[in-house]
2 protein chains.
Amino acid sequence: MRALVVTTPGALALQYVPVPARSGECLVRVSMAGICGTDLQILQGYAGFTGIPGHEFVGVVEAAPDDDAAWIGRRVVGEINIGCGLCEWCRNGEREHCVSRSVVGIRGHDGAFAEFVTLPAANLHDVPDNVDDESAVFVEPLAAACRILVQLTIAEGARAAVLGDGRMGLLVAQVIRTTTPNVTVLGRHEPKLAIARSLGLTAAPSDAPISSASRFDLVVEATGRPEGLRRALEVVRPRGTIVLKSTFHGDSSMQSWPIVVDEVTIVGSRCGPFQPAIRLLASGAVQVKPLISRVMTMERHGEAFDEAKRALKVLFRMQPPG
Amino acid sequence: MRALVVTTPGALALQYVPVPARSGECLVRVSMAGICGTDLQILQGYAGFTGIPGHEFVGVVEAAPDDDAAWIGRRVVGEINIGCGLCEWCRNGEREHCVSRSVVGIRGHDGAFAEFVTLPAANLHDVPDNVDDESAVFVEPLAAACRILVQLTIAEGARAAVLGDGRMGLLVAQVIRTTTPNVTVLGRHEPKLAIARSLGLTAAPSDAPISSASRFDLVVEATGRPEGLRRALEVVRPRGTIVLKSTFHGDSSMQSWPIVVDEVTIVGSRCGPFQPAIRLLASGAVQVKPLISRVMTMERHGEAFDEAKRALKVLFRMQPPG
């Protein structure tokens with residue numbers, strides 16, 4: 001099959017490689033896959049990953065172990081953490097914190113920038129007919145946004161801000177809007193802020209002055225930049241909450257005393273539940289089409305990753321639309 | 001009266017100054033006062049404070065406004081935040097976050113390194129007879145330690161670590177022990193760790209290797225050092241909680257992605273409730289006498305502050321013991 005392969009950390013090439021086969025996993029023919037910030041970090045050598053990246057995808061199950069044969073032919077998206085199945089985390093159903101987990105396209109498991117990817121049936125979710133492939137690719141990042149609602153109870157009428165007008169910021173803002181109407185996106189890119197406004201969100205430049213009285217109850221940091229947390233501390237109110245979504249790698253310089261003096265709570269937030277994300281797409285409560293910048297083939301991967309550095313979401317189409 | 005006065009930021013002198021008089025506040029004759037980490041920072045110029053520092057004290061009310069005359073003659077400790085009384089925070093009884101608050105000995109209000117200090121009656125708490133002056137001086141920092149129990153529900157049997165073997169660390173560890181027996185103090189000073197052990201706490205060097213499986217559910221960062229938060233992130237378990245107590249001023253360099261990947265919650269924690277602290281002292285559940293290094297007069301302030309940099313707790317005695 002054709003696949004994008006990180007041959008040595010940071011170096012990517014389109015290659016012909018064997019169709020993957022993993023004992024106990026289903027074989028999924030990938031229809032589309034999305035480029036995420038983590039993929040861009042992998043292309044910079046993050047975590048020394050080699051193999052096939054890509055962890056946002058939709059596809060059709062083509063083969064499965066006997067016990068999971070019922071999945072064959074179904075259109076699916078997939079959770080990306082694969083646990084050992086034995087540890088306390090896995091037994092609690094929290095495989096995303098299993099110490100020996102693999103993560104599709106990120107750690108120890110080939111990913112979805114390929115014609116085929118494998119996954120355990122336990123990781124698969126059906127995609128409803130009214131969620132098309134372009135939208136279904138967003139289930140994985142949207143689930144990460146939905147994680148916030150599992151971690152926090154957001155008071156009705158709470159004033160929320162999302163720092164960052166990128167793909168994650170615009171998903172998070174829409175998810176939070178399902179709980180409180182007061183959501184402001186603070187970003188650095190006027191075209192992306194315009195898209196936020198077209199989605200009905202309030203949007204403003206990230207350095208807009210925020211008076212002491214108008215600081216936010218909840219601030220989600222989704223800038224992917226080292227200064228994001230520092231800015232979040234400036235705009236959150238005393239005893240407010242900051243959710244960290246950015247997995248920016250590298251040192252940040254910051255002062256921690258405002259966390260103490262203002263008694264701020266900071267909550268790290270990673271992968272989330274797929275079912276609420278699928279429901280939000282199926283109901284139309286979250287709109288993702290305006291976030292799609294380009295749909296390209298893997299042949300044009302150089303151009304695609306380059307565009308993904310600036311654009312909201314770039315997708316690969318692996319198979320001709322069926 | 002005699003008082004220690006910060007004449008310009010960072011410069012301290014023993015001076016004769018007028019007895020303070022503030023409309024609406026009670027006049028307290030200070031018996032003893034304790035040196036805290038914030039005082040040491042004030043002596044380094046923190047926050048440009050000038051005036052009389054000192055915010056941990058016990059004394060006897062000597063004069064009061066007519067409405068508060070019932071306080072006269074009572075032995076008291078005092079909460080240090082004085083709010084505007086009008087804003088939303090003050091109306092909610094959370095004057096410690098009032099934007100225009102003054103803070104005794106720290107911000108806009110003279111403190112207790114003096115023969116007299118003034119405070120509103122609303123800030124005063126009676127000291128029970130079985131809590132002597134040396135112990136009563138610890139009510140204010142112990143209340144800050146008790147704040148953690150207001151902010152968090154600590155599961156029975158939770159494994160807790162306190163980073164830092166200083167005055168705050170040893171108070172926090174004793175407070176947490178009232179909720180779970182599994183409390184380990186991690187520190188850098190063998191003599192202080194020995195005191196922790198004498199209090200019945202488990203203690204170990206702060207760089208002791210912590211295996212992945214033995215990371216802690218709860219870590220309280222009370223080192224007062226820039227690297228404290230970084231170390232806390234190393235020893236907390238995924239989905240664990242870090243409480244920040246250090247108001248270390250200055251930049252820290254850190255990586256924020258482990259907060260996200262491990263979904264850690266960080267809770268800033270400052271001033272706390274006096275009544276639980278007084279009860280813990282009165283019941284003997286928290287022992288503070290082993291933390292007292294020296295009791296000195298204000299004349300020897302240079303020596304006292306110097307010792308406070310290394311020792312657990314240095315006290316000033318303002319009045320001869322009665």
# chains A, B, ... in the order shown; residues from 1 in each chain; ligands from 1

call {"tool": "select_by_dssp", "arguments": {"residues": "range 9-219 of chain A", "states": "helix (DSSP H, G or I)", "output": "ChimeraX atom specification"}}
result
/A:37-42,46-48,66-71,88-91,95-97,121-123,133-136,139-151,167-177,190-198,212-214

call {"tool": "select_by_dssp", "arguments": {"residues": "range 37-153 of chain B", "states": "strand (DSSP E)", "output": "list of chain:residue names"}}
result
B:Glu56, B:Phe57, B:Val58, B:Gly59, B:Val60, B:Val61, B:Glu62, B:Ala63, B:Arg75, B:Val76, B:Val77, B:Gly78, B:Asn81, B:Ile82, B:Ser102, B:Val103, B:Val104, B:Gly108, B:His109, B:Phe116, B:Val117, B:Thr118, B:Leu119, B:Leu124, B:His125, B:Asp126

call {"tool": "write_last_selection", "arguments": {"atoms": "N, CA, C and O atoms", "output": "CSV table (one decimal), in the first residue's frame"}}
result
chain,number,residue,atom,x,y,z
B,56,GLU,N,2.1,37.4,60.8
B,56,GLU,CA,1.8,36.2,61.7
B,56,GLU,C,2.0,36.8,63.1
B,56,GLU,O,3.2,37.1,63.5
B,57,PHE,N,0.9,36.8,63.9
B,57,PHE,CA,1.1,37.4,65.2
B,57,PHE,C,0.0,36.9,66.2
B,57,PHE,O,-1.0,36.4,65.7
B,58,VAL,N,0.3,37.2,67.4
B,58,VAL,CA,-0.7,37.0,68.5
B,58,VAL,C,-0.6,38.2,69.4
B,58,VAL,O,0.5,38.7,69.6
B,59,GLY,N,-1.7,38.7,69.9
B,59,GLY,CA,-1.6,39.8,70.8
B,59,GLY,C,-2.9,40.0,71.6
B,59,GLY,O,-3.8,39.1,71.6
B,60,VAL,N,-3.0,41.1,72.3
B,60,VAL,CA,-4.2,41.4,73.1
B,60,VAL,C,-4.8,42.7,72.7
B,60,VAL,O,-4.1,43.7,72.5
B,61,VAL,N,-6.1,42.7,72.5
B,61,VAL,CA,-6.8,43.9,72.0
B,61,VAL,C,-6.8,45.0,73.1
B,61,VAL,O,-7.2,44.7,74.2
B,62,GLU,N,-6.3,46.2,72.8
B,62,GLU,CA,-6.1,47.2,73.8
B,62,GLU,C,-7.1,48.3,73.6
B,62,GLU,O,-7.5,49.0,74.6
B,63,ALA,N,-7.6,48.6,72.4
B,63,ALA,CA,-8.6,49.6,72.2
B,63,ALA,C,-9.4,49.2,70.9
B,63,ALA,O,-8.9,48.4,70.1
B,75,ARG,N,-7.3,37.9,73.9
B,75,ARG,CA,-6.1,37.5,73.2
B,75,ARG,C,-6.5,37.0,71.8
B,75,ARG,O,-7.4,36.1,71.7
B,76,VAL,N,-5.9,37.5,70.8
B,76,VAL,CA,-6.4,37.3,69.4
B,76,VAL,C,-5.3,37.0,68.4
B,76,VAL,O,-4.1,37.4,68.7
B,77,VAL,N,-5.7,36.3,67.4
B,77,VAL,CA,-4.9,36.3,66.2
B,77,VAL,C,-5.8,37.0,65.1
B,77,VAL,O,-7.0,37.2,65.3
B,78,GLY,N,-5.1,37.3,63.9
B,78,GLY,CA,-5.9,38.1,62.9
B,78,GLY,C,-5.7,37.7,61.5
B,78,GLY,O,-4.6,37.4,61.1
B,81,ASN,N,-6.2,39.8,55.3
B,81,ASN,CA,-6.8,40.5,54.1
B,81,ASN,C,-7.9,41.4,54.6
B,81,ASN,O,-8.8,41.0,55.3
B,82,ILE,N,-7.8,42.7,54.1
B,82,ILE,CA,-8.8,43.7,54.5
B,82,ILE,C,-9.4,44.2,53.2
B,82,ILE,O,-8.7,44.8,52.4
B,102,SER,N,-6.2,45.6,51.1
B,102,SER,CA,-4.9,45.7,51.7
B,102,SER,C,-4.6,44.4,52.4
B,102,SER,O,-5.5,43.7,52.8
B,103,VAL,N,-3.3,44.2,52.7
B,103,VAL,CA,-2.9,43.0,53.3
B,103,VAL,C,-1.9,43.3,54.4
B,103,VAL,O,-0.9,44.0,54.2
B,104,VAL,N,-2.3,43.0,55.6
B,104,VAL,CA,-1.5,43.4,56.8
B,104,VAL,C,0.0,43.0,56.6
B,104,VAL,O,0.3,41.8,56.4
B,108,GLY,N,-0.1,47.8,51.6
B,108,GLY,CA,-0.9,49.0,52.0
B,108,GLY,C,-1.4,49.0,53.4
B,108,GLY,O,-2.4,49.7,53.7
B,109,HIS,N,-0.8,48.2,54.3
B,109,HIS,CA,-1.3,48.2,55.7
B,109,HIS,C,-0.1,47.8,56.6
B,109,HIS,O,0.5,46.8,56.3
B,116,PHE,N,2.5,47.5,68.4
B,116,PHE,CA,1.1,47.5,68.1
B,116,PHE,C,0.8,47.3,66.6
B,116,PHE,O,1.6,47.7,65.8
B,117,VAL,N,-0.4,46.7,66.4
B,117,VAL,CA,-0.9,46.6,65.0
B,117,VAL,C,-2.4,46.9,65.1
B,117,VAL,O,-3.0,46.6,66.1
B,118,THR,N,-3.0,47.3,64.0
B,118,THR,CA,-4.4,47.5,63.9
B,118,THR,C,-5.1,46.6,63.0
B,118,THR,O,-4.5,46.2,62.0
B,119,LEU,N,-6.3,46.2,63.2
B,119,LEU,CA,-7.1,45.3,62.4
B,119,LEU,C,-8.5,45.5,62.6
B,119,LEU,O,-9.0,45.8,63.7
B,124,LEU,N,-10.6,39.4,63.5
B,124,LEU,CA,-10.0,38.9,64.7
B,124,LEU,C,-10.6,37.5,65.1
B,124,LEU,O,-11.8,37.2,64.8
B,125,HIS,N,-9.8,36.7,65.7
B,125,HIS,CA,-10.3,35.4,66.3
B,125,HIS,C,-9.7,35.2,67.7
B,125,HIS,O,-8.5,35.5,67.9
B,126,ASP,N,-10.5,34.8,68.6
B,126,ASP,CA,-10.1,34.5,70.0
B,126,ASP,C,-9.1,33.3,69.9
B,126,ASP,O,-9.3,32.3,69.2

call {"tool": "residues_around", "arguments": {"residues": "Phe248 in chain B", "least_positions_apart": "3", "cutoff": "7 Å", "atoms": "only C-alpha atoms", "output": "ChimeraX atom specification"}}
result
/A:257 /B:224-226

call {"tool": "interface_residues", "arguments": {"of": "chain A", "to": "chain B", "cutoff": "8 Å", "atoms": "only C-alpha atoms", "output": "PyMOL selection string"}}
result
chain A and resi 97+238+244-270

call {"tool": "write_last_selection", "arguments": {"atoms": "C-alpha atoms", "output": "short mmCIF file (atom, residue, chain, number, x, y, z; two decimals), in the first residue's frame"}}
result
data_model
loop_
_atom_site.label_atom_id
_atom_site.label_comp_id
_atom_site.auth_asym_id
_atom_site.auth_seq_id
_atom_site.Cartn_x
_atom_site.Cartn_y
_atom_site.Cartn_z
CA HIS A 97 -3.01 6.67 30.70
CA PRO A 238 -9.17 34.95 40.61
CA LEU A 244 -4.45 23.38 29.04
CA LYS A 245 -4.86 21.74 25.64
CA SER A 246 -1.55 22.68 23.98
CA THR A 247 1.07 19.96 23.90
CA PHE A 248 3.69 22.49 22.88
CA HIS A 249 7.09 20.87 23.36
CA GLY A 250 9.89 23.02 24.68
CA ASP A 251 10.60 25.21 27.65
CA SER A 252 8.29 28.02 28.58
CA SER A 253 9.36 30.73 30.92
CA MET A 254 6.64 31.79 33.30
CA GLN A 255 5.93 33.10 36.77
CA SER A 256 3.98 30.69 38.90
CA TRP A 257 3.08 33.02 41.78
CA PRO A 258 -0.06 34.42 40.08
CA ILE A 259 -1.46 30.87 40.14
CA VAL A 260 -1.08 30.96 43.93
CA VAL A 261 -2.11 34.55 44.62
CA ASP A 262 -5.22 34.28 42.41
CA GLU A 263 -5.85 30.66 43.44
CA VAL A 264 -6.26 29.59 39.84
CA THR A 265 -6.95 25.96 38.94
CA ILE A 266 -5.13 24.57 35.88
CA VAL A 267 -6.45 21.38 34.33
CA GLY A 268 -4.47 19.40 31.76
CA SER A 269 -6.76 17.88 29.16
CA ARG A 270 -5.94 15.37 26.43
#

call {"tool": "atom_distance", "arguments": {"atom1": "CA of Val236 in chain A", "atom2": "CA of Val219 in chain A"}}
result
6.2 Å

call {"tool": "residues_around", "arguments": {"residues": "Ala64 in chain B", "least_positions_apart": "3", "cutoff": "8 Å", "atoms": "only C-alpha atoms", "output": "list of chain:residue names"}}
result
B:Gly24, B:Glu25, B:Cys26, B:Leu27, B:Val61, B:Asp67, B:Asp68, B:Ala69, B:Trp71, B:Ile72

call {"tool": "atom_distance", "arguments": {"atom1": "CA of Gly10 in chain B", "atom2": "CA of Phe316 in chain B"}}
result
19.3 Å

call {"tool": "residues_around", "arguments": {"residues": "Ile154 in chain B", "least_positions_apart": "4", "cutoff": "9 Å", "atoms": "only C-alpha atoms", "output": "list in words"}}
result
Leu149, Ala158, Ile176, Thr179, Thr180 and Leu218 of chain B

call {"tool": "write_last_selection", "arguments": {"atoms": "N, CA and C atoms", "output": "PDB file, in the first residue's frame"}}
result
ATOM      1  N   LEU B 149      -7.687  21.810  52.382  1.00  0.00           N
ATOM      2  CA  LEU B 149      -8.824  20.920  52.677  1.00  0.00           C
ATOM      3  C   LEU B 149     -10.153  21.546  52.239  1.00  0.00           C
ATOM      4  N   ALA B 158      -5.524   8.168  50.106  1.00  0.00           N
ATOM      5  CA  ALA B 158      -4.771   8.809  49.021  1.00  0.00           C
ATOM      6  C   ALA B 158      -3.304   8.901  49.414  1.00  0.00           C
ATOM      7  N   ILE B 176      -2.558  17.549  56.091  1.00  0.00           N
ATOM      8  CA  ILE B 176      -3.028  16.491  55.182  1.00  0.00           C
ATOM      9  C   ILE B 176      -3.140  15.168  55.928  1.00  0.00           C
ATOM     10  N   THR B 179      -6.324  13.759  57.090  1.00  0.00           N
ATOM     11  CA  THR B 179      -7.287  13.154  56.158  1.00  0.00           C
ATOM     12  C   THR B 179      -6.801  11.827  55.585  1.00  0.00           C
ATOM     13  N   THR B 180      -5.505  11.640  55.466  1.00  0.00           N
ATOM     14  CA  THR B 180      -4.956  10.386  54.951  1.00  0.00           C
ATOM     15  C   THR B 180      -3.636  10.100  55.663  1.00  0.00           C
ATOM     16  N   LEU B 218      -1.542  13.084  45.220  1.00  0.00           N
ATOM     17  CA  LEU B 218      -1.576  14.513  45.566  1.00  0.00           C
ATOM     18  C   LEU B 218      -0.157  14.966  45.913  1.00  0.00           C
TER      19      LEU B 218
END

call {"tool": "closest_residue", "arguments": {"among": "B:Val30, B:Ala13, B:Ile35, B:Ile42", "to": "Ala308 in chain B", "atoms": "only C-alpha atoms"}}
result
B:Ile35

call {"tool": "closest_residue", "arguments": {"among": "B:Asp165, B:Glu190, B:Asp39, B:Glu88", "to": "Pro9 in chain B", "atoms": "only C-alpha atoms"}}
result
B:Asp39

call {"tool": "atom_distance", "arguments": {"atom1": "CA of Pro18 in chain B", "atom2": "CA of Met32 in chain B"}}
result
19.3 Å

call {"tool": "closest_residue", "arguments": {"among": "A:Glu79, A:Glu299, A:Glu234, A:Glu140", "to": "Leu4 in chain A", "atoms": "only C-alpha atoms"}}
result
A:Glu299

call {"tool": "decode", "arguments": {"residues": "range 160-193 of chain A", "atoms": "N, CA, C and O atoms", "output": "PDB file, in the first residue's frame"}}
result
ATOM      1  N   ALA A 160     -16.499  32.360  29.299  1.00  0.00           N
ATOM      2  CA  ALA A 160     -15.374  31.527  28.870  1.00  0.00           C
ATOM      3  C   ALA A 160     -14.599  32.198  27.744  1.00  0.00           C
ATOM      4  O   ALA A 160     -15.170  32.915  26.927  1.00  0.00           O
ATOM      5  N   ALA A 161     -13.290  31.962  27.731  1.00  0.00           N
ATOM      6  CA  ALA A 161     -12.452  32.404  26.619  1.00  0.00           C
ATOM      7  C   ALA A 161     -11.648  31.227  26.122  1.00  0.00           C
ATOM      8  O   ALA A 161     -11.245  30.368  26.909  1.00  0.00           O
ATOM      9  N   VAL A 162     -11.437  31.179  24.825  1.00  0.00           N
ATOM     10  CA  VAL A 162     -10.540  30.189  24.237  1.00  0.00           C
ATOM     11  C   VAL A 162      -9.369  30.956  23.643  1.00  0.00           C
ATOM     12  O   VAL A 162      -9.554  31.820  22.785  1.00  0.00           O
ATOM     13  N   LEU A 163      -8.176  30.672  24.141  1.00  0.00           N
ATOM     14  CA  LEU A 163      -6.967  31.305  23.610  1.00  0.00           C
ATOM     15  C   LEU A 163      -6.462  30.461  22.462  1.00  0.00           C
ATOM     16  O   LEU A 163      -6.082  29.304  22.657  1.00  0.00           O
ATOM     17  N   GLY A 164      -6.427  31.050  21.268  1.00  0.00           N
ATOM     18  CA  GLY A 164      -5.972  30.303  20.108  1.00  0.00           C
ATOM     19  C   GLY A 164      -7.106  30.163  19.118  1.00  0.00           C
ATOM     20  O   GLY A 164      -8.188  29.676  19.469  1.00  0.00           O
ATOM     21  N   ASP A 165      -6.852  30.596  17.880  1.00  0.00           N
ATOM     22  CA  ASP A 165      -7.890  30.537  16.848  1.00  0.00           C
ATOM     23  C   ASP A 165      -7.583  29.430  15.842  1.00  0.00           C
ATOM     24  O   ASP A 165      -8.030  29.475  14.709  1.00  0.00           O
ATOM     25  N   GLY A 166      -6.827  28.445  16.275  1.00  0.00           N
ATOM     26  CA  GLY A 166      -6.493  27.318  15.403  1.00  0.00           C
ATOM     27  C   GLY A 166      -7.580  26.265  15.417  1.00  0.00           C
ATOM     28  O   GLY A 166      -8.669  26.453  15.952  1.00  0.00           O
ATOM     29  N   ARG A 167      -7.236  25.104  14.823  1.00  0.00           N
ATOM     30  CA  ARG A 167      -8.248  24.036  14.687  1.00  0.00           C
ATOM     31  C   ARG A 167      -8.801  23.644  16.050  1.00  0.00           C
ATOM     32  O   ARG A 167     -10.018  23.517  16.231  1.00  0.00           O
ATOM     33  N   MET A 168      -7.914  23.446  17.050  1.00  0.00           N
ATOM     34  CA  MET A 168      -8.412  23.011  18.360  1.00  0.00           C
ATOM     35  C   MET A 168      -9.226  24.113  19.016  1.00  0.00           C
ATOM     36  O   MET A 168     -10.279  23.860  19.596  1.00  0.00           O
ATOM     37  N   GLY A 169      -8.755  25.356  18.912  1.00  0.00           N
ATOM     38  CA  GLY A 169      -9.481  26.466  19.529  1.00  0.00           C
ATOM     39  C   GLY A 169     -10.907  26.569  19.015  1.00  0.00           C
ATOM     40  O   GLY A 169     -11.851  26.741  19.803  1.00  0.00           O
ATOM     41  N   LEU A 170     -11.090  26.448  17.710  1.00  0.00           N
ATOM     42  CA  LEU A 170     -12.436  26.621  17.148  1.00  0.00           C
ATOM     43  C   LEU A 170     -13.344  25.432  17.462  1.00  0.00           C
ATOM     44  O   LEU A 170     -14.566  25.585  17.542  1.00  0.00           O
ATOM     45  N   LEU A 171     -12.760  24.256  17.661  1.00  0.00           N
ATOM     46  CA  LEU A 171     -13.580  23.121  18.110  1.00  0.00           C
ATOM     47  C   LEU A 171     -13.963  23.297  19.576  1.00  0.00           C
ATOM     48  O   LEU A 171     -15.123  23.123  19.960  1.00  0.00           O
ATOM     49  N   VAL A 172     -12.976  23.652  20.407  1.00  0.00           N
ATOM     50  CA  VAL A 172     -13.235  23.825  21.839  1.00  0.00           C
ATOM     51  C   VAL A 172     -14.295  24.904  22.053  1.00  0.00           C
ATOM     52  O   VAL A 172     -15.220  24.727  22.858  1.00  0.00           O
ATOM     53  N   ALA A 173     -14.183  26.005  21.340  1.00  0.00           N
ATOM     54  CA  ALA A 173     -15.140  27.103  21.532  1.00  0.00           C
ATOM     55  C   ALA A 173     -16.563  26.637  21.230  1.00  0.00           C
ATOM     56  O   ALA A 173     -17.505  26.971  21.950  1.00  0.00           O
ATOM     57  N   GLN A 174     -16.712  25.847  20.173  1.00  0.00           N
ATOM     58  CA  GLN A 174     -18.057  25.367  19.825  1.00  0.00           C
ATOM     59  C   GLN A 174     -18.574  24.369  20.860  1.00  0.00           C
ATOM     60  O   GLN A 174     -19.766  24.340  21.164  1.00  0.00           O
ATOM     61  N   VAL A 175     -17.685  23.560  21.391  1.00  0.00           N
ATOM     62  CA  VAL A 175     -18.103  22.589  22.417  1.00  0.00           C
ATOM     63  C   VAL A 175     -18.536  23.318  23.685  1.00  0.00           C
ATOM     64  O   VAL A 175     -19.581  23.007  24.282  1.00  0.00           O
ATOM     65  N   ILE A 176     -17.762  24.311  24.089  1.00  0.00           N
ATOM     66  CA  ILE A 176     -18.109  25.037  25.310  1.00  0.00           C
ATOM     67  C   ILE A 176     -19.421  25.793  25.128  1.00  0.00           C
ATOM     68  O   ILE A 176     -20.219  25.917  26.049  1.00  0.00           O
ATOM     69  N   ARG A 177     -19.656  26.258  23.905  1.00  0.00           N
ATOM     70  CA  ARG A 177     -20.905  26.982  23.646  1.00  0.00           C
ATOM     71  C   ARG A 177     -22.135  26.110  23.870  1.00  0.00           C
ATOM     72  O   ARG A 177     -23.241  26.626  24.061  1.00  0.00           O
ATOM     73  N   THR A 178     -21.961  24.800  23.864  1.00  0.00           N
ATOM     74  CA  THR A 178     -23.129  23.948  24.156  1.00  0.00           C
ATOM     75  C   THR A 178     -23.514  24.026  25.633  1.00  0.00           C
ATOM     76  O   THR A 178     -24.572  23.533  26.019  1.00  0.00           O
ATOM     77  N   THR A 179     -22.640  24.637  26.472  1.00  0.00           N
ATOM     78  CA  THR A 179     -22.955  24.728  27.903  1.00  0.00           C
ATOM     79  C   THR A 179     -23.169  26.161  28.368  1.00  0.00           C
ATOM     80  O   THR A 179     -23.869  26.395  29.337  1.00  0.00           O
ATOM     81  N   THR A 180     -22.521  27.132  27.714  1.00  0.00           N
ATOM     82  CA  THR A 180     -22.691  28.537  28.101  1.00  0.00           C
ATOM     83  C   THR A 180     -22.601  29.391  26.845  1.00  0.00           C
ATOM     84  O   THR A 180     -21.757  29.127  25.978  1.00  0.00           O
ATOM     85  N   PRO A 181     -23.458  30.413  26.714  1.00  0.00           N
ATOM     86  CA  PRO A 181     -23.411  31.221  25.488  1.00  0.00           C
ATOM     87  C   PRO A 181     -22.238  32.204  25.457  1.00  0.00           C
ATOM     88  O   PRO A 181     -21.904  32.726  24.403  1.00  0.00           O
ATOM     89  N   ASN A 182     -21.599  32.433  26.610  1.00  0.00           N
ATOM     90  CA  ASN A 182     -20.562  33.472  26.694  1.00  0.00           C
ATOM     91  C   ASN A 182     -19.182  32.912  26.367  1.00  0.00           C
ATOM     92  O   ASN A 182     -18.389  32.642  27.257  1.00  0.00           O
ATOM     93  N   VAL A 183     -18.889  32.734  25.091  1.00  0.00           N
ATOM     94  CA  VAL A 183     -17.596  32.188  24.689  1.00  0.00           C
ATOM     95  C   VAL A 183     -16.908  33.167  23.752  1.00  0.00           C
ATOM     96  O   VAL A 183     -17.482  33.565  22.736  1.00  0.00           O
ATOM     97  N   THR A 184     -15.688  33.564  24.094  1.00  0.00           N
ATOM     98  CA  THR A 184     -14.910  34.469  23.250  1.00  0.00           C
ATOM     99  C   THR A 184     -13.650  33.760  22.782  1.00  0.00           C
ATOM    100  O   THR A 184     -12.915  33.196  23.595  1.00  0.00           O
ATOM    101  N   VAL A 185     -13.401  33.780  21.475  1.00  0.00           N
ATOM    102  CA  VAL A 185     -12.148  33.256  20.930  1.00  0.00           C
ATOM    103  C   VAL A 185     -11.149  34.405  20.846  1.00  0.00           C
ATOM    104  O   VAL A 185     -11.449  35.453  20.274  1.00  0.00           O
ATOM    105  N   LEU A 186      -9.985  34.223  21.453  1.00  0.00           N
ATOM    106  CA  LEU A 186      -8.928  35.223  21.390  1.00  0.00           C
ATOM    107  C   LEU A 186      -7.799  34.658  20.527  1.00  0.00           C
ATOM    108  O   LEU A 186      -7.221  33.620  20.860  1.00  0.00           O
ATOM    109  N   GLY A 187      -7.518  35.312  19.402  1.00  0.00           N
ATOM    110  CA  GLY A 187      -6.534  34.756  18.478  1.00  0.00           C
ATOM    111  C   GLY A 187      -5.692  35.819  17.811  1.00  0.00           C
ATOM    112  O   GLY A 187      -5.914  37.020  17.986  1.00  0.00           O
ATOM    113  N   ARG A 188      -4.718  35.353  17.029  1.00  0.00           N
ATOM    114  CA  ARG A 188      -3.764  36.268  16.409  1.00  0.00           C
ATOM    115  C   ARG A 188      -3.955  36.408  14.903  1.00  0.00           C
ATOM    116  O   ARG A 188      -3.214  37.140  14.254  1.00  0.00           O
ATOM    117  N   HIS A 189      -4.931  35.659  14.351  1.00  0.00           N
ATOM    118  CA  HIS A 189      -5.051  35.610  12.891  1.00  0.00           C
ATOM    119  C   HIS A 189      -6.444  36.073  12.473  1.00  0.00           C
ATOM    120  O   HIS A 189      -7.426  35.351  12.666  1.00  0.00           O
ATOM    121  N   GLU A 190      -6.508  37.258  11.878  1.00  0.00           N
ATOM    122  CA  GLU A 190      -7.814  37.840  11.550  1.00  0.00           C
ATOM    123  C   GLU A 190      -8.649  36.909  10.660  1.00  0.00           C
ATOM    124  O   GLU A 190      -9.855  36.753  10.912  1.00  0.00           O
ATOM    125  N   PRO A 191      -8.060  36.224   9.665  1.00  0.00           N
ATOM    126  CA  PRO A 191      -8.903  35.336   8.839  1.00  0.00           C
ATOM    127  C   PRO A 191      -9.536  34.209   9.660  1.00  0.00           C
ATOM    128  O   PRO A 191     -10.684  33.821   9.416  1.00  0.00           O
ATOM    129  N   LYS A 192      -8.797  33.695  10.643  1.00  0.00           N
ATOM    130  CA  LYS A 192      -9.353  32.621  11.473  1.00  0.00           C
ATOM    131  C   LYS A 192     -10.394  33.182  12.443  1.00  0.00           C
ATOM    132  O   LYS A 192     -11.407  32.532  12.733  1.00  0.00           O
ATOM    133  N   LEU A 193     -10.145  34.384  12.946  1.00  0.00           N
ATOM    134  CA  LEU A 193     -11.146  35.021  13.810  1.00  0.00           C
ATOM    135  C   LEU A 193     -12.432  35.267  13.013  1.00  0.00           C
ATOM    136  O   LEU A 193     -13.541  35.144  13.551  1.00  0.00           O
TER     137      LEU A 193
END
